[in-house]
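Pasted below: target.txt, compact mmCIF, C-alpha atoms.
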# COMPACT_ATOMS: atom_id res chain seq x y z
CA MET B 7 0.00 0.00 0.00
CA LEU B 8 1.35 3.37 -1.01
CA ASN B 9 1.36 6.19 1.55
CA LYS B 10 -0.23 9.34 0.13
CA LEU B 11 0.14 13.05 0.60
CA THR B 12 -3.38 14.29 1.17
CA LYS B 13 -3.47 17.86 2.43
CA LYS B 14 -3.04 20.94 0.28
CA LYS B 15 -0.39 22.31 2.68
CA GLU B 16 1.71 19.14 2.28
CA PHE B 17 1.64 19.47 -1.51
CA GLU B 18 2.53 23.18 -1.32
CA LYS B 19 5.44 22.57 1.05
CA VAL B 20 6.99 19.97 -1.26
CA TYR B 21 6.23 22.06 -4.35
CA LYS B 22 7.89 25.21 -2.96
CA ASN B 23 10.88 23.75 -1.12
CA GLY B 24 11.59 20.47 -2.88
CA LYS B 25 14.42 19.35 -5.14
CA SER B 26 13.14 18.46 -8.57
CA SER B 27 13.85 16.26 -11.55
CA PHE B 28 11.84 16.50 -14.76
CA ASN B 29 11.88 14.59 -18.02
CA GLN B 30 9.59 14.38 -21.03
CA LEU B 31 6.72 12.50 -19.33
CA LEU B 32 6.74 13.65 -15.72
CA GLY B 33 8.57 15.40 -12.95
CA ILE B 34 9.24 14.61 -9.31
CA LYS B 35 9.68 17.11 -6.50
CA THR B 36 10.91 15.78 -3.17
CA ILE B 37 11.67 16.99 0.34
CA GLN B 38 12.83 15.39 3.60
CA SER B 39 10.01 14.72 6.06
CA GLN B 40 9.48 13.67 9.68
CA ASN B 41 7.51 10.56 8.71
CA LYS B 42 8.98 7.09 8.94
CA LYS B 43 7.75 6.11 5.48
CA ALA B 44 7.93 7.69 2.04
CA ARG B 45 4.73 9.48 0.99
CA PHE B 46 3.67 10.31 -2.54
CA GLY B 47 1.23 12.72 -4.16
CA ILE B 48 0.28 12.53 -7.83
CA ILE B 49 -0.89 15.52 -9.87
CA VAL B 50 -2.63 14.91 -13.19
CA SER B 51 -4.28 18.14 -14.25
CA THR B 52 -7.16 18.64 -16.64
CA LYS B 53 -4.60 20.07 -19.09
CA ILE B 54 -3.39 16.49 -19.55
CA SER B 55 -6.86 15.22 -20.41
CA LYS B 56 -10.36 16.54 -19.94
CA LYS B 57 -11.58 12.99 -19.33
CA ALA B 58 -11.43 11.79 -15.73
CA VAL B 59 -11.14 8.18 -16.94
CA GLU B 60 -7.83 8.93 -18.67
CA ARG B 61 -6.48 10.97 -15.72
CA ASN B 62 -7.36 8.17 -13.30
CA LYS B 63 -5.72 5.57 -15.55
CA ILE B 64 -2.48 7.58 -15.50
CA LYS B 65 -2.67 7.86 -11.69
CA ARG B 66 -3.21 4.10 -11.37
CA GLN B 67 -0.22 3.37 -13.61
CA ILE B 68 2.02 5.75 -11.63
CA ARG B 69 0.82 4.27 -8.33
CA ALA B 70 1.51 0.73 -9.57
CA ALA B 71 5.04 1.68 -10.65
CA LEU B 72 5.71 3.33 -7.28
CA GLU B 73 4.40 0.32 -5.35
CA LYS B 74 6.76 -1.89 -7.32
CA GLU B 75 9.73 0.35 -6.38
CA GLN B 76 8.57 1.19 -2.82
CA GLU B 77 10.89 -1.26 -1.03
CA LYS B 78 13.94 0.26 -2.76
CA ILE B 79 13.04 3.92 -2.10
CA LYS B 80 14.47 5.78 0.90
CA GLU B 81 12.24 6.52 3.85
CA ASN B 82 11.55 9.94 5.42
CA ILE B 83 10.69 11.65 2.14
CA ASP B 84 7.64 13.32 0.64
CA CYS B 85 7.35 13.29 -3.15
CA VAL B 86 4.98 15.01 -5.55
CA ILE B 87 4.78 13.60 -9.06
CA ILE B 88 3.69 16.11 -11.70
CA THR B 89 2.63 14.74 -15.07
CA ARG B 90 3.14 16.38 -18.43
CA PRO B 91 0.85 16.24 -21.50
CA GLU B 92 3.20 13.81 -23.32
CA ILE B 93 2.22 11.06 -20.86
CA ILE B 94 -1.27 10.65 -22.33
CA ASN B 95 -0.59 7.87 -24.88
CA LYS B 96 2.37 6.17 -23.22
CA ASN B 97 2.25 2.59 -22.02
CA TYR B 98 2.95 1.40 -18.48
CA LYS B 99 6.55 0.37 -19.19
CA GLU B 100 7.47 3.85 -20.45
CA ILE B 101 5.90 5.50 -17.39
CA GLU B 102 7.67 3.06 -15.06
CA ASN B 103 10.99 3.75 -16.78
CA SER B 104 10.47 7.51 -16.50
CA ILE B 105 9.75 7.25 -12.76
CA TYR B 106 12.83 5.06 -12.25
CA LYS B 107 15.10 7.56 -14.03
CA ASN B 108 13.79 10.53 -12.04
CA LEU B 109 14.07 8.72 -8.71
CA LYS B 110 17.63 7.66 -9.57
CA ARG B 111 18.55 11.22 -10.58
CA LEU B 112 17.32 12.50 -7.19
CA ASN B 113 19.24 9.75 -5.31
CA LEU B 114 16.06 8.43 -3.69
CA TYR B 115 17.08 4.76 -3.78
CA LYS B 116 18.54 3.12 -0.67

I need this file expressed as structure tokens, please.
Amino acid sequence: MLNKLTKKKEFEKVYKNGKSSFNQLLGIKTIQSQNKKARFGIIVSTKISKKAVERNKIKRQIRAALEKEQEKIKENIDCVIITRPEIINKNYKEIENSIYKNLKRLNLYK
């Protein structure tokens, strides 16, 4: 089970103060936290797709990729994942690869 960022203030804190890594499909902003586990928030705006079905599919794919990598990711971090419009027609493997590269670039693996 993936731990989620839920409150607007948590998102804003990470967004303003976090280190970031972006590529063609998505970006990750991260900050150290007081929690014992890593927490993630996913942003898929209506600019990506007007259809909620497509936005939710992208969120599910990102969540699945993060759950797969969760054991390898450092603890005590909060991450916000921001999607870009290019993500709309990509398959799961491309999204997973993009997340892996960004996490590696930010040194978030144990």

Exercise. Name all residues at most 7 Å from stretch 16-21 of chain B (count only C-alpha atoms; drop same-chain ones fewer than 3 positions away) and give them as an MDAnalysis selection string.
Key: chainID B and resid 11 13 24 35:37 84:86

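For the choices B:Glu92, B:Glu73, B:Glu60, B:Glu81, the atom-to-atom distance to B:Gly33 is smallest for B:Glu92 when using only C-alpha atoms.
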
Quiz item: Could you state the separation of atom CA of B:Val50 and atom CA of B:Asn108 in Å, given to one decimal place?
Solution: 17.0 Å

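Around B:Lys74, within 12 Å and counting only C-alpha atoms, the residues found are Met7, Leu8, Gln67, Ile68, Arg69, Ala70, Ala71, Leu72, Gln76, Glu77, Lys78, Ile79, Glu102, Asn103, Ile105 and Tyr106 of chain B, once anything fewer than 2 positions away on its own chain is removed.
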
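Relative to atom CA of B:Lys10, atom CA of B:Phe46 is found at 4.8 Å.
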
Self-check item: Long-range neighbours of B:Ile87 as a VMD selection string, 7 Å cut-off, all atoms listed in the file, 4 positions minimum in chain
Solution: chain B and resid 32 to 35 47 to 49

With C-alpha atoms kept, could you save the residues just selected as a PDB file, in the coordinates of the input?
ATOM      1  CA  LEU B  32       6.740  13.650 -15.720  1.00  0.00           C
ATOM      2  CA  GLY B  33       8.570  15.400 -12.950  1.00  0.00           C
ATOM      3  CA  ILE B  34       9.240  14.610  -9.310  1.00  0.00           C
ATOM      4  CA  LYS B  35       9.680  17.110  -6.500  1.00  0.00           C
ATOM      5  CA  GLY B  47       1.230  12.720  -4.160  1.00  0.00           C
ATOM      6  CA  ILE B  48       0.280  12.530  -7.830  1.00  0.00           C
ATOM      7  CA  ILE B  49      -0.890  15.520  -9.870  1.00  0.00           C
TER       8      ILE B  49
END

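Atom pair atom CA of B:Tyr98 / atom CA of B:Lys63: separated by 10.1 Å.
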
Quiz item: B:Lys96, B:Arg111, B:Lys116, B:Lys80: which is nearest B:Lys43, counting all atoms listed in the file?
Solution: B:Lys80

Could you work out an axis-aligned box for stretch 77-95 of chain B, taking every atom the file lists and adding 5 Å on each side, and report centre and edge lengths in Å to one decimal, as AutoDock Vina command-line options?
--center_x 6.6 --center_y 7.6 --center_z -9.7 --size_x 25.7 --size_y 27.6 --size_z 40.3

Self-check item: For B:Ser51: contacts at 9 Å, all atoms listed in the file, fewer than 5 positions along chain excluded, given as a PyMOL selection string
Solution: chain B and resi 56+61+88-90

Self-check item: Of the listed residues B:Leu114, B:Leu109, B:Leu31, B:Val59, that which approaches B:Ile93 most closely, counting all atoms listed in the file
Solution: B:Leu31
